[in-house]
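See below for the structure under consideration.
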Amino acid sequence: RTFHAPELRALAHRFGITLSSTEEICFEWPSQPLDRTAAIAAMRESLSVPGAKIEVKEASSDKIPLGRIEFPLSGLGTPSPTGPSAPVLWRGDVVYGDSHRFAIWTRVEIAAPCQRLTAAESLKAGRPLEARQIRVSTATCFPIAGKDLPTAAQLTGMSPIHSIAAGSELRLELLAPPNEINRGDAVHIEVRSGAARLVLTARALNGGRSGDTISVRNPDSNKTFQARVTGKGTAIVEAGIPKGI
């Protein structure tokens with residue numbers, strides 16, 4: 001902050017001070033380049049991930065005020081799927097004086113031990129995963145993503161959206177939730193037509209989840225019709241009874 005001569009004279013008059021000189025005066029906060037060791041310590045505190053390796057590749061080049069360095073998780077970017085090992089931007093602040101904040105930034109590489117789930121064999125699209133098809137191994141991951149890593153038990157029963165090659169990583173965005181009805185399952189069907197209700201057991205010809213329409217076959221009449229999945233092993237037919245059901 002620079003105080004010019006008119007401001008100094010006004011302040012002196014206000015407080016009854018006689019000035020010997022009215023040259024302008026400049027005040028500034030003590031500053032220094034970003035201390036990378038202190039920055040990494042602040043990052044570790046925010047991450048709270050044991051064994052995480054943090055390397056600052058680039059940082060704010062301007063001098064910063066002396067104060068408390070903060071790097072909140074909200075300021076941490078995420079790696080690109082096409083370049084998961086590339087440095088990511090992490091924005092922080094220096095808190096100084098009377099709760100003033102000075103914005104700082106870094107580009108960092110972060111890696112921490114984690115579990116990696118891969119396909120033990122080639123997986124076909126739409127076919128539910130079995131536990132034996134999931135391989136668990138130790139790897140190095142970006143820690144924020146690592147916290148959300150699903151377990152093998154959570155993936156069991158989910159279906160690949162597309163075919164997945166053996167050895168490929170199994171990620172949630174590549175999988176669909178498990179079907180509530182699979183091909184060949186016995187399905188409890190409720191047929192509604194006005195006030196009339198008909199209940200029967202049919203065989204699913206394809207799988208689906210709640211809200212999906214699937215094909216089922218009545219084993220007694222051998223007729224095929226469409227039904228809407230309503231839950232685990234249940235489906236409904238509305239607005240009329242299919243002919244020959």
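All residue names refer to the structure tokens as shown: chains lettered A, B, ... in order, residues numbered from 1 in each chain, ligands numbered from 1 in order.
Once Tyr96 in chain A and its same-chain neighbours fewer than 6 positions away are set aside, A:Pro65, A:Leu66, A:Gly67, A:Arg68 remain within 7 Å of it when counting only C-alpha atoms.
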What does the file look like for those residues with N, CA, C and O atoms, as a PDB file, in the first residue's frame?
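And here is the file that came out, selection-v9.pdb:
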ATOM      1  N   PRO A  65       3.155 -13.790  -0.007  1.00  0.00           N
ATOM      2  CA  PRO A  65       3.269 -13.321   1.382  1.00  0.00           C
ATOM      3  C   PRO A  65       3.641 -14.467   2.321  1.00  0.00           C
ATOM      4  O   PRO A  65       3.340 -15.633   2.055  1.00  0.00           O
ATOM      5  N   LEU A  66       4.286 -14.115   3.425  1.00  0.00           N
ATOM      6  CA  LEU A  66       4.567 -15.115   4.445  1.00  0.00           C
ATOM      7  C   LEU A  66       3.264 -15.449   5.162  1.00  0.00           C
ATOM      8  O   LEU A  66       2.517 -14.551   5.574  1.00  0.00           O
ATOM      9  N   GLY A  67       2.950 -16.716   5.277  1.00  0.00           N
ATOM     10  CA  GLY A  67       1.707 -17.111   5.919  1.00  0.00           C
ATOM     11  C   GLY A  67       1.506 -18.610   5.859  1.00  0.00           C
ATOM     12  O   GLY A  67       2.426 -19.369   5.533  1.00  0.00           O
ATOM     13  N   ARG A  68       0.278 -19.041   6.162  1.00  0.00           N
ATOM     14  CA  ARG A  68      -0.057 -20.471   6.178  1.00  0.00           C
ATOM     15  C   ARG A  68      -0.471 -20.915   4.779  1.00  0.00           C
ATOM     16  O   ARG A  68      -1.374 -20.357   4.173  1.00  0.00           O
TER      17      ARG A  68
END
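Each of A:Ser21, A:Ser80, A:Ser61, A:Gln154 was checked against Pro178 in chain A using only C-alpha atoms; the smallest atom-to-atom distance is that of A:Gln154.
CA of Arg132 in chain A is positioned 28.0 Å from CA of Ile214 in chain A.
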Hey, what does DSSP flag as helix (DSSP H, G or I) within range 28-233 of chain A? Can you give it to me as a PyMOL selection string?
chain A and resi 36-47+73-75+131-133+143-147+152-155+172-174
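CA of Ser48 in chain A lies 18.8 Å from CA of Arg107 in chain A.
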Give me the residues near range 225-238 of chain A as a PyMOL selection string, where near means some atom within 10 Å (using only C-alpha atoms) and where sequence neighbours in that chain fewer than 2 positions away do not count.
chain A and resi 179-182+185-194+197-199+201-202+204-205+207-218+222-223+240-245
List the neighbours of range 117-123 of chain A out to 12 Å using only C-alpha atoms; skip same-chain residues closer than 2 positions along the sequence, and give me the result as JSON, numbers by chain.
{"A": [114, 115, 125, 126, 127, 128, 129, 130, 131, 132, 133, 134, 135, 136, 137, 138, 139, 141, 146, 149, 150, 151, 152, 153, 154, 155, 156, 158, 159, 160, 161, 162, 163, 164, 165, 166, 167, 168, 169, 170, 171, 172, 174, 175]}
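The spacing separating CA of Glu70 in chain A from CA of Arg1 in chain A amounts to 24.6 Å.
Distances to Arg91 in chain A were evaluated for A:Cys26, A:Leu11, A:Ile64, A:Met43 using only C-alpha atoms, and the minimum falls at A:Met43.
Near Ala111 in chain A, within a cut-off of 6 Å and counting only C-alpha atoms, sit the residues Ala52, Lys53, Thr140, Cys141 and Phe142 of chain A, with same-chain residues fewer than 4 positions away left out.
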Write the residues of the preceding selection, restricted to N, CA and C atoms, as a PDB file, in the first residue's frame.
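Output contents, as saved in selection08.pdb:
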ATOM      1  N   ALA A  52       1.494 -41.799  -0.193  1.00  0.00           N
ATOM      2  CA  ALA A  52       1.351 -41.014  -1.419  1.00  0.00           C
ATOM      3  C   ALA A  52       2.655 -40.295  -1.744  1.00  0.00           C
ATOM      4  N   LYS A  53       3.052 -40.317  -3.009  1.00  0.00           N
ATOM      5  CA  LYS A  53       4.230 -39.598  -3.469  1.00  0.00           C
ATOM      6  C   LYS A  53       3.776 -38.348  -4.216  1.00  0.00           C
ATOM      7  N   THR A 140      -0.090 -48.495  -8.773  1.00  0.00           N
ATOM      8  CA  THR A 140       0.075 -47.108  -8.346  1.00  0.00           C
ATOM      9  C   THR A 140      -0.987 -46.283  -9.049  1.00  0.00           C
ATOM     10  N   CYS A 141      -1.779 -45.570  -8.270  1.00  0.00           N
ATOM     11  CA  CYS A 141      -2.911 -44.841  -8.832  1.00  0.00           C
ATOM     12  C   CYS A 141      -2.913 -43.390  -8.371  1.00  0.00           C
ATOM     13  N   PHE A 142      -3.643 -42.572  -9.102  1.00  0.00           N
ATOM     14  CA  PHE A 142      -3.920 -41.220  -8.630  1.00  0.00           C
ATOM     15  C   PHE A 142      -4.827 -41.370  -7.414  1.00  0.00           C
TER      16      PHE A 142
END
Non-local contacts of Ile110 in chain A (12 Å; only C-alpha atoms; under 5 positions in same chain excluded) as a ChimeraX atom specification:
/A:40,43-44,47,49,51-57,76-79,84-90,140-146
The residue from A:Ala176, A:Ala5, A:Ile104, A:Ala59 with the smallest atom-to-atom distance to Ser20 in chain A, counting only C-alpha atoms, is A:Ala5
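The strand (DSSP E) portion of range 144-213 of chain A consists of Ser159, Pro160, Leu175, Ala176, Ala186, Val187, His188, Ile189, Glu190, Val191, Arg192, Ser193, Ala196, Arg197, Leu198, Val199, Leu200, Thr201, Ala202, Arg203, Ala204 and Thr213 of chain A, with states taken from DSSP on the backbone.
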Selected residues, C-alpha atoms, written as a PDB file, in the first residue's frame, please.
ATOM      1  CA  SER A 159     -22.072 -56.509 -17.378  1.00  0.00           C
ATOM      2  CA  PRO A 160     -19.520 -55.013 -19.793  1.00  0.00           C
ATOM      3  CA  LEU A 175     -19.796 -51.658 -16.887  1.00  0.00           C
ATOM      4  CA  ALA A 176     -23.571 -51.643 -16.514  1.00  0.00           C
ATOM      5  CA  ALA A 186     -37.871 -67.993 -14.274  1.00  0.00           C
ATOM      6  CA  VAL A 187     -39.897 -64.769 -14.146  1.00  0.00           C
ATOM      7  CA  HIS A 188     -42.969 -64.107 -12.007  1.00  0.00           C
ATOM      8  CA  ILE A 189     -45.347 -62.335 -14.446  1.00  0.00           C
ATOM      9  CA  GLU A 190     -48.390 -60.305 -13.451  1.00  0.00           C
ATOM     10  CA  VAL A 191     -50.743 -59.516 -16.327  1.00  0.00           C
ATOM     11  CA  ARG A 192     -53.142 -56.606 -15.795  1.00  0.00           C
ATOM     12  CA  SER A 193     -56.172 -55.821 -17.907  1.00  0.00           C
ATOM     13  CA  ALA A 196     -58.500 -58.449 -14.117  1.00  0.00           C
ATOM     14  CA  ARG A 197     -55.253 -59.990 -12.903  1.00  0.00           C
ATOM     15  CA  LEU A 198     -53.438 -63.037 -14.216  1.00  0.00           C
ATOM     16  CA  VAL A 199     -50.293 -64.449 -12.617  1.00  0.00           C
ATOM     17  CA  LEU A 200     -47.974 -66.961 -14.257  1.00  0.00           C
ATOM     18  CA  THR A 201     -44.350 -68.018 -14.395  1.00  0.00           C
ATOM     19  CA  ALA A 202     -42.512 -67.535 -17.696  1.00  0.00           C
ATOM     20  CA  ARG A 203     -38.964 -68.036 -18.923  1.00  0.00           C
ATOM     21  CA  ALA A 204     -36.822 -64.997 -19.821  1.00  0.00           C
ATOM     22  CA  THR A 213     -38.904 -54.491 -21.731  1.00  0.00           C
TER      23      THR A 213
END
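Among A:His4, A:Arg36, A:Asp98, A:Arg14, the residue with the shortest atom-to-atom distance to Ile69 in chain A, counting only C-alpha atoms, is A:Arg36.
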